[in-house]
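Chemist: Structure in structure tokens, see below.
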Amino acid sequence: MTRILFSSSLKMLTRDRQALFWALIFPLIFLGVFRLFSGDAAGATRLIVSVDATSERGRTLVDALSQVGFLEVDVRPGLDEDSARALVIDDEGDAALVVDPAAPNAPANAVLLVGVRDPIGRQITSAAIASVVDRVNLSLTKVPLPISMTTRPVQEKTTSFFQFVAPGILGMGLMTFATISLAGSLSRYREEGVLRRIRATPLAPWRFFSSVLAAHLVITGVQIVFLTFIAQMLGADLFSGGIWAPLIALLGTVSFLNIGVIIAGRVRGRGAVEGAANAVTLPMMFLSGSFFPVASLPPVMQAVVKVLPLTHMLNALRGVTIEGESISEQWPALLVLLAWAVGSFAVARVAFRFQDD
Amino acid sequence: MTERSASQVIEARGLVKRYGAITALSGVSAQVQRGEIFGILGPNGAGKTTLVEILEGLTSPTEGTARVLGIEVTEDPVAVKSRIGVQLQASSYHQYLTLREILDLFGSFYPKHVPAMDLLERVHLADRAGARIKTLSGGMKQRFSIVAALVNEPELVFFDEPTAGLDPDARLDLWDIVRDVREAGATVVITTHYMEEAQALCDRVAFMNAGQIVGLDTPAGLIRSLHAPYRVAVTSVTPLPEAAVRALPGAEEIELSLSADGHVVRLRAQDAPAVTAALTTLAAREGARLVDLAVQPASLEDVFLNVTGRKLSG
């Protein structure tokens with residue numbers, strides 16, 4: 001009996017195209033889109049430099065610029081500002097630095113033309129070239145540097161935006177599927193009369209319920225494996241958490257499933273249920289740091305955010321993956337998740353009734 | 001006691017169901033015998049569904065007791081549920097499962113069950129075994145929901161308005177299936193608001209109105225209980241004298257009118273042959289040529305009108 005009951009519940013899910021979309025395709029689209037927008041997807045910035053490369057000034061400048069990792073330097077002596085602009089417009093380069101020919105020791109004027117379209121890229125390019133020019137100026141005037149600065153990363157590992165956002169998308173995908181799809185299928189079972197029909201059989205309600213939950217957990221497992229592998233292929237760092245990352249994800253999903261049960265139990269009508277499930281998950285998705293750090297939210301919001309289960313699920317996930325921390329360092333987040341799982345289960349048990357009256 | 005419980009499949013005593021201030025059932029008692037088709041008739045809101053849900057173990061009564069198959073329903077609803085079959089009004093099955101999968105699933109809830117394909121063959125749906133509910137016609141859906149109530153070879157089956165919204169052919173089809181179920185040895189309880197369905201199918205009928213049973217007998221017995229069960233109508237070219245018509249012995253509710261066919265006399269009678277004989281004699285004496293004579297037995301509709309003072313349908 002249990003086997004047929006479970007396989008039926010699973011078939012109900014896997015044959016529901018909409019449920020599968022929310023489970024797998026929706027987060028997959030997010031992974032793809034964020035991978036495209038992520039900074040590390042962009043190639044080098046091509047910089048055209050017009051300077052007399054035989055002079056000491058010219059050589060020093062070109063050497064210094066070539067040391068900047070993301071610049072691809074293309075030396076083309078003898079350009080004036082207009083012809084350099086024409087080259088950038090024709091996409092021969094992303095930026096051009098035109099240094100006026102001047103006598104070796106006379107000060108020379110330079111113009112930087114920046115054709116980079118995205119605003120952050122434009123700022124980075126301008127700042128990097130300006131600082132190179134400053135450094136070359138200082139070294140050529142032979143003045144000792146009053147402040148000499150060295151840059152070191154705070155963490156050993158450098159984290160790209162995509163690496164930050166990948167655990168967020170995993171959490172978002174698990175949450176939206178668990179809450180929206182479970183609330184939706186339970187209300188459908190009720191609306192189509194399946195719950196009533198099942199009550200007319202000797203089947204114990206908890207058995208039916210467990211089979212629906214078990215089927216959802218199976219899909220959750222498929223989601224975790226599928227999304228983790230895709231994210232890893234796209235350059236995220238989800239494998240580094242070992243077995244802990246999927247376990248944290250599973251623990252968090254328990255609360256989201258319970259929330260789905262509560263919504264289906266308290267809201268009547270399938271449309272209203274799906275609306276309510278969206279109203280709960282959408283703000284949580286944005287507030288809990290799926291796509292940007294929670295620290296960037298105003299302080300008033302942060303108080304709310306610190307209560308949400310998704311926040312703690314993502315903190316723990318990012319802790320064991322991109323921050324390379326151990327699982328024992330995640331205990332505060334795990335404790336909150338456990339409290340949420342137990343508490344929401346207790347509420348769900350009371351909130352959802354098989355009977356309508 | 002044992003003899004009685006062997007022949008009595010359902011024994012309801014003083015069933016009352018209140019939902020807050022609303023009383024859905026106010027003291028219903030009835031017995032259903034093994035092997036009969038028992039009809040429950042009444043308008044919407046009469047309490048049919050509430051009564052049936054109490055007997056099925058889906059709702060518990062506020063007062064009163066119900067024994068089904070010798071078991072007190074409130075004490076062991078699971079034991080009752082495993083021996084009865086239930087067909088619900090809406091076709092309430094999983095939309096993403098095939099017919100065969102649904103029957104396998106429901107069969108798995110019972111200790112013993114009939115193979116899915118055998119069931120589908122019984123209602124001529126074997127060729128649709130791999131189809132889903134929503135691809136079926138209305139009649140097919142009802143046939144399926146009936147056969148889904150038979151997965152556990154129940155001793156007692158409840159059909160809740162099985163022919164609601166079906167065309168006449170599909171309805172006749174379903175009547176045959178319901179009769180087959182009884183032939184196979186099960187007792188059938190059927191709710192309906194179609195009078196002709198109750199008359200054609202049921203061995204006994206309970207009329208319900210406003211939460212009570214207002215009449216319970218065989219369809220013929222219920223009709224016989226009417227004071228003047230026959231409707232008689234005669235149409236003549238020239239009018240019959242009104243005074244003589246009103247003086248006819250055994251005629252009641254006499255109405256005279258004029259129609260395109262001629263002068264019409266309508267009346268109701270206990271003894272239809274005697275009244276029609278008197279009418280034809282009167283016409284011959286008056287030289288009025290009769291163009292039509294119709295005698296109609298009363299129907300359950302008339303019984304219902306009589307016991308409740310209101311019409312059931314229309």
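Ordered as shown in the structure tokens, chains take letters A, B, and onward, while each chain numbers its residues from 1 and ligands are numbered from 1 in the order shown.
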Just want the 8 Å neighbourhood of stretch 131-133 of chain B, counted on only C-alpha atoms, with same-chain residues fewer than 5 positions away dropped. Output as a CSV table (one decimal) with C-alpha atoms, in the first residue's frame.
Modeler:
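Once everything was written out, this is out_32.csv:
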```csv
chain,number,residue,atom,x,y,z
B,93,TYR,CA,-10.1,11.8,-8.4
B,94,HIS,CA,-6.5,12.6,-9.1
B,95,GLN,CA,-6.1,14.6,-12.3
B,96,TYR,CA,-2.6,13.4,-13.2
B,97,LEU,CA,-3.2,9.7,-12.7
B,98,THR,CA,-4.7,7.3,-15.3
B,99,LEU,CA,-8.0,5.4,-14.6
B,141,LYS,CA,-16.8,10.0,-15.5
```
Chemist: Up to 10 Å from chain B, what residues of chain A turn up? Count only C-alpha atoms and give them as a ChimeraX atom specification.
Modeler: /A:1-9,11-16,188-204,355,357
Chemist: What lies within 7 Å of B:Val295 using only C-alpha atoms, ignoring chain neighbours under 4 positions off, as a list in words?
Modeler: Tyr230, Arg231, Val232 and Ala233 of chain B
Chemist: Given the selection you just returned, output its residues as a file containing C-alpha atoms, formatted as a PDB file, in the first residue's frame.
Modeler:
```pdb
ATOM      1  CA  TYR B 230     -55.093   8.980 -10.543  1.00  0.00           C
ATOM      2  CA  ARG B 231     -55.357  11.929 -12.875  1.00  0.00           C
ATOM      3  CA  VAL B 232     -58.220  11.704 -15.378  1.00  0.00           C
ATOM      4  CA  ALA B 233     -58.723  14.093 -18.288  1.00  0.00           C
TER       5      ALA B 233
END
```
Chemist: Would you kindly return, as a count of residues only, each protein, DNA or RNA residue with an atom no farther than 9 Å from any atom of A:Val305, considering only C-alpha atoms and excluding same-chain residues fewer than 5 positions away?
Modeler: 7
Chemist: Run DSSP on the backbone and give me the residues of stretch 97-276 of chain B it puts in strand (DSSP E or B), as a ChimeraX atom specification.
Modeler: /B:98,132,156-160,187-192,204-209,212-217,230-236,251-259,262-269
Chemist: Would you please work out which residue, of B:Gly138, B:Gly42, B:Gly70, B:Pro249, is nearest to B:Glu301 when using only C-alpha atoms?
Modeler: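 Nearest candidate to B:Glu301 out of B:Gly138, B:Gly42, B:Gly70, B:Pro249: B:Gly42.
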Chemist: For atom CA of B:Arg18 and atom CA of B:Lys48, determine how far apart the two atoms are, in Å to one decimal place.
Modeler: 14.0 Å
Chemist: As a VMD selection string, please: every residue in stretch 54-211 of chain A that DSSP puts in helix (DSSP H, G or I).
Modeler: chain A and resid 56 to 66 81 to 89 119 to 141 161 to 191 194 to 199 205 to 211
Chemist: Could those selected residues go to a file with C-alpha atoms, as a short mmCIF file (atom, residue, chain, number, x, y, z; two decimals), in the first residue's frame?
Modeler:
```
data_model
loop_
_atom_site.label_atom_id
_atom_site.label_comp_id
_atom_site.auth_asym_id
_atom_site.auth_seq_id
_atom_site.Cartn_x
_atom_site.Cartn_y
_atom_site.Cartn_z
CA GLU A 56 61.32 56.92 -21.32
CA ARG A 57 57.93 58.35 -20.40
CA GLY A 58 56.18 56.30 -23.08
CA ARG A 59 57.93 53.07 -22.17
CA THR A 60 57.26 53.46 -18.44
CA LEU A 61 53.58 54.15 -19.05
CA VAL A 62 53.05 51.20 -21.38
CA ASP A 63 54.91 48.87 -18.98
CA ALA A 64 52.82 50.02 -16.02
CA LEU A 65 49.55 49.70 -17.94
CA SER A 66 50.45 46.22 -19.17
CA GLU A 81 41.90 62.61 -29.92
CA ASP A 82 39.46 62.50 -32.82
CA SER A 83 41.00 59.51 -34.58
CA ALA A 84 41.24 57.67 -31.23
CA ARG A 85 37.53 58.35 -30.59
CA ALA A 86 36.73 57.00 -34.05
CA LEU A 87 38.58 53.78 -33.22
CA VAL A 88 36.64 53.33 -29.95
CA ILE A 89 33.34 53.99 -31.73
CA PRO A 119 28.70 51.94 -15.46
CA ILE A 120 30.67 49.83 -13.01
CA GLY A 121 33.11 48.72 -15.71
CA ARG A 122 33.54 52.34 -16.77
CA GLN A 123 34.43 53.43 -13.24
CA ILE A 124 36.81 50.55 -12.70
CA THR A 125 38.57 51.25 -16.00
CA SER A 126 38.90 54.98 -15.36
CA ALA A 127 40.10 54.52 -11.77
CA ALA A 128 42.64 51.88 -12.71
CA ILE A 129 44.13 53.95 -15.54
CA ALA A 130 44.14 57.15 -13.44
CA SER A 131 46.04 55.39 -10.68
CA VAL A 132 48.56 53.98 -13.15
CA VAL A 133 49.10 57.44 -14.57
CA ASP A 134 49.62 58.84 -11.04
CA ARG A 135 52.15 56.16 -10.26
CA VAL A 136 54.05 56.76 -13.51
CA ASN A 137 54.07 60.49 -12.76
CA LEU A 138 55.55 59.90 -9.33
CA SER A 139 58.19 57.46 -10.52
CA LEU A 140 59.25 59.79 -13.35
CA THR A 141 59.65 62.81 -11.03
CA PHE A 161 29.33 37.72 -7.47
CA PHE A 162 28.17 34.51 -9.10
CA GLN A 163 29.67 32.45 -6.31
CA PHE A 164 27.82 34.62 -3.82
CA VAL A 165 24.52 34.38 -5.64
CA ALA A 166 24.53 30.64 -6.49
CA PRO A 167 23.65 29.44 -2.95
CA GLY A 168 20.97 32.16 -2.91
CA ILE A 169 19.38 30.78 -6.07
CA LEU A 170 19.51 27.24 -4.70
CA GLY A 171 17.73 28.43 -1.54
CA MET A 172 15.21 30.40 -3.56
CA GLY A 173 14.44 27.41 -5.81
CA LEU A 174 13.96 25.06 -2.86
CA MET A 175 11.75 27.54 -1.04
CA THR A 176 9.49 28.45 -3.96
CA PHE A 177 8.95 24.82 -4.91
CA ALA A 178 8.37 23.59 -1.37
CA THR A 179 5.96 26.31 -0.34
CA ILE A 180 4.12 27.14 -3.56
CA SER A 181 3.89 23.64 -4.98
CA LEU A 182 2.94 21.88 -1.74
CA ALA A 183 0.32 24.50 -0.85
CA GLY A 184 -0.97 24.26 -4.43
CA SER A 185 -1.22 20.47 -4.53
CA LEU A 186 -2.87 20.23 -1.12
CA SER A 187 -5.49 22.80 -2.06
CA ARG A 188 -6.02 21.00 -5.35
CA TYR A 189 -6.54 17.71 -3.50
CA ARG A 190 -9.11 19.50 -1.38
CA GLU A 191 -10.85 21.35 -4.19
CA VAL A 194 -9.71 13.90 -3.45
CA LEU A 195 -9.35 14.57 0.29
CA ARG A 196 -13.04 13.85 0.85
CA ARG A 197 -12.91 10.75 -1.32
CA ILE A 198 -9.88 9.47 0.57
CA ARG A 199 -11.59 10.10 3.90
CA PRO A 205 -5.02 10.54 6.90
CA TRP A 206 -1.42 10.69 8.15
CA ARG A 207 -0.42 8.03 5.63
CA PHE A 208 -1.78 10.06 2.78
CA PHE A 209 -0.10 13.15 4.14
CA SER A 210 3.26 11.46 4.60
CA SER A 211 3.20 10.20 1.02
#
```
Chemist: For A:Ser255, find every residue with an atom within 9 Å (counting only C-alpha atoms), except residues of its own chain fewer than 6 positions away, and show them as a ChimeraX atom specification.
Modeler: /A:175,178-179,309,337-338,340-345
Chemist: Atom CA of A:Asn278 and atom CA of A:Phe229 are how many Å apart?
Modeler: 26.7 Å
